[in-house]
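Data block below; observations after.
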Amino acid sequence: MASSETLASQAYIQHHLTNLTLGVHPEHGFGFARDSAAAAEMGFWAINVDTMFFSILLGGVFIWFFRRVAEVATSDVPGNAQNFVEWIVDFVEENVRGSFSGKNPMVAPLALTVFIWVFLMNLMDLLPVDLVPHLFGQLMAVFGADPHYVYLKIVPTTDPNTTFGMALMVFFMVLYYSVKMKGARGFLGELTLQPFGKWGMPANIVLEGISLLSKPFSLALRLFGNMYAGEMIFILIALMYGGGIVLAGAAGILQLAWALFHVLIITLQAFIFMVLTIVYLDMAHQEPH
């Protein structure tokens with residue numbers, strides 16, 4: 001009995017940690033993966049459809065809402081929506097002024113986009129862990145699909161493809177502005193001549209190279225790790241609902257407590273991603289020594 005319950009728990013966890021993946025399977029051709037192993041076999045060019053859908057959807061919600069507020073903004077007594085948007089914009093601009101010493105009109109809009117988009121993607125973690133996947137499974141069952149093989153992850157930032165994709169774009173921008181502001185010679189000089197001068201060039205390359213390459217990894221893994229751990233805790237709490245009245249009652253309390261605490265994590269991770277983006281771009285704009 002205990003063994004079967006363990007297997008059922010493992011299957012439940014594995015199901016919730018598997019993306020809706022579309023790609024070319026070596027044996028079955030083009031289609032959706034039936035499990036995590038099949039998704040892995042599809043290779044690099046497979047697409048996590050759920051990640052793409054929810055990230056684009058939330059980005060669209062962000063753009064629509066801010067554009068709508070901007071269109072109806074007034075210099076008279078502002079409404080609640082305008083006050084909210086202005087507060088967020090002021091908050092982001094204050095962080096840019098405090099962390100970015102260069103002159104680049106692109107940095108503040110980028111910081112705003114990063115903060116709101118990451119926050120919205122993280123916010124999906126507060127939805128009941130079984131709600132949207134269950135509804136999606138029932139919808140797909142209407143079209144003949146087996147709900148047991150219908151996967152859906154609704155939190156894009158629990159997918160490393162999302163966090164590394166965003167981190168790499170920030171990294172490429174850092175490289176671009178490093179070369180643009182310092183010149184190719186100045187940028188290479190930083191990598192090869194700092195901090196030990198020309199006689200310590202091998203050590204300089206190692207140290208500066210590690211420092212440079214660590215930026216996208218730290219951005220991506222910090223966000224992914226925190227959100228993945230938060231999702232896992234919600235899944236483990238959900239397992240408690242099947243353990244009787246006492247465990248179900250405890251699960252309800254734990255779920256509420258973790259959700260309230262998770263609001264802080266969600267906001268903090270979006271804030272950290274924004275601040276590090278600003279700081280890395282500030283470093284790229286600094287004059288060479």
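Each chain of the structure tokens is named A, B, ... in the order shown, its residues numbered from 1; ligands are numbered from 1 in display order.
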Next item on the list: Could you please write out, as an MDAnalysis selection string, every residue of segment 54-262 of chain A that DSSP assigns to helix (DSSP H, G or I)?
Entry: chainID A and resid 54:71 80:99 107:126 131:142 147:149 156:158 160:193 198:242 245:262
Next item on the list: Quick one: everything within 7 Å of segment 18-34 of chain A, counting only C-alpha atoms, minus sequence neighbours fewer than 6 positions away in the same chain. Send it as a list in words.
Entry: Glu41, Met42, Trp45, Ala46, Ile47, Asn48, Val49, Asp50, Tyr149, Tyr151, Leu152 and Lys153 of chain A
Notebook entry, point to check: Do you know which residues are at most 6 Å from segment 110-116 of chain A counting only C-alpha atoms, after dropping those on the same chain fewer than 3 positions away, and could you put them as a list of chain:residue names?
Noted result: A:Val107, A:Phe119, A:Ala270, A:Met274
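Every protein, DNA or RNA residue with an atom at most 12 Å from Leu221 of chain A, where only C-alpha atoms count and chain neighbours fewer than 2 positions away do not, is listed here: Thr157, Thr158, Asp159, Pro160, Asn161, Thr162, Thr163, Phe164, Gly165, Met166, Ala167, Leu168, Ser214, Lys215, Pro216, Phe217, Ser218, Leu219, Leu223, Phe224, Gly225, Asn226, Met227, Tyr228, Ala229, Gln269 and Phe273 of chain A.
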Hey, can you spit out that residue selection with C-alpha atoms as a compact mmCIF listing (two decimals), in the first residue's frame?
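The file below, out04.txt, is the result:
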# COMPACT_ATOMS: atom_id res chain seq x y z
CA THR A 157 9.70 31.25 -14.81
CA THR A 158 9.83 27.65 -13.55
CA ASP A 159 11.09 26.76 -17.04
CA PRO A 160 14.85 27.40 -17.40
CA ASN A 161 14.26 28.18 -21.08
CA THR A 162 12.45 31.35 -20.00
CA THR A 163 14.94 32.52 -17.40
CA PHE A 164 17.99 31.74 -19.54
CA GLY A 165 16.36 33.34 -22.57
CA MET A 166 15.81 36.60 -20.68
CA ALA A 167 19.24 36.44 -19.04
CA LEU A 168 20.97 35.88 -22.38
CA SER A 214 28.63 34.40 -14.51
CA LYS A 215 26.22 37.28 -15.16
CA PRO A 216 23.66 35.40 -17.31
CA PHE A 217 24.01 32.26 -15.19
CA SER A 218 23.37 34.13 -11.94
CA LEU A 219 20.38 35.96 -13.43
CA LEU A 223 15.05 33.27 -10.72
CA PHE A 224 14.52 29.70 -11.90
CA GLY A 225 15.70 28.12 -8.64
CA ASN A 226 13.49 30.22 -6.40
CA MET A 227 10.36 29.83 -8.52
CA TYR A 228 10.92 26.10 -9.10
CA ALA A 229 11.34 25.54 -5.35
CA GLN A 269 12.74 37.94 -7.54
CA PHE A 273 16.20 40.61 -11.86
Note to self: Set the distance at 10 Å and use only C-alpha atoms: which residues neighbour Leu188 of chain A once local chain neighbours fewer than 4 positions away are removed? I'd like the list as a count of residues only.
What the structure shows: 9
Next item on the list: Name the residues in contact with segment 241-253 of chain A at a cut-off of 12 Å, using only C-alpha atoms, excluding same-chain residues fewer than 6 positions from it; report them as a PyMOL selection string.
Entry: chain A and resi 5+8-9+12+128+130+233-235+259-260
Check: Which residue, A:Ala284, A:Val89, A:Leu120, A:Met52, has the smallest gap to Ile266 of chain A when you use only C-alpha atoms?
Finding: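 Closest residue, counting only C-alpha atoms: A:Leu120.
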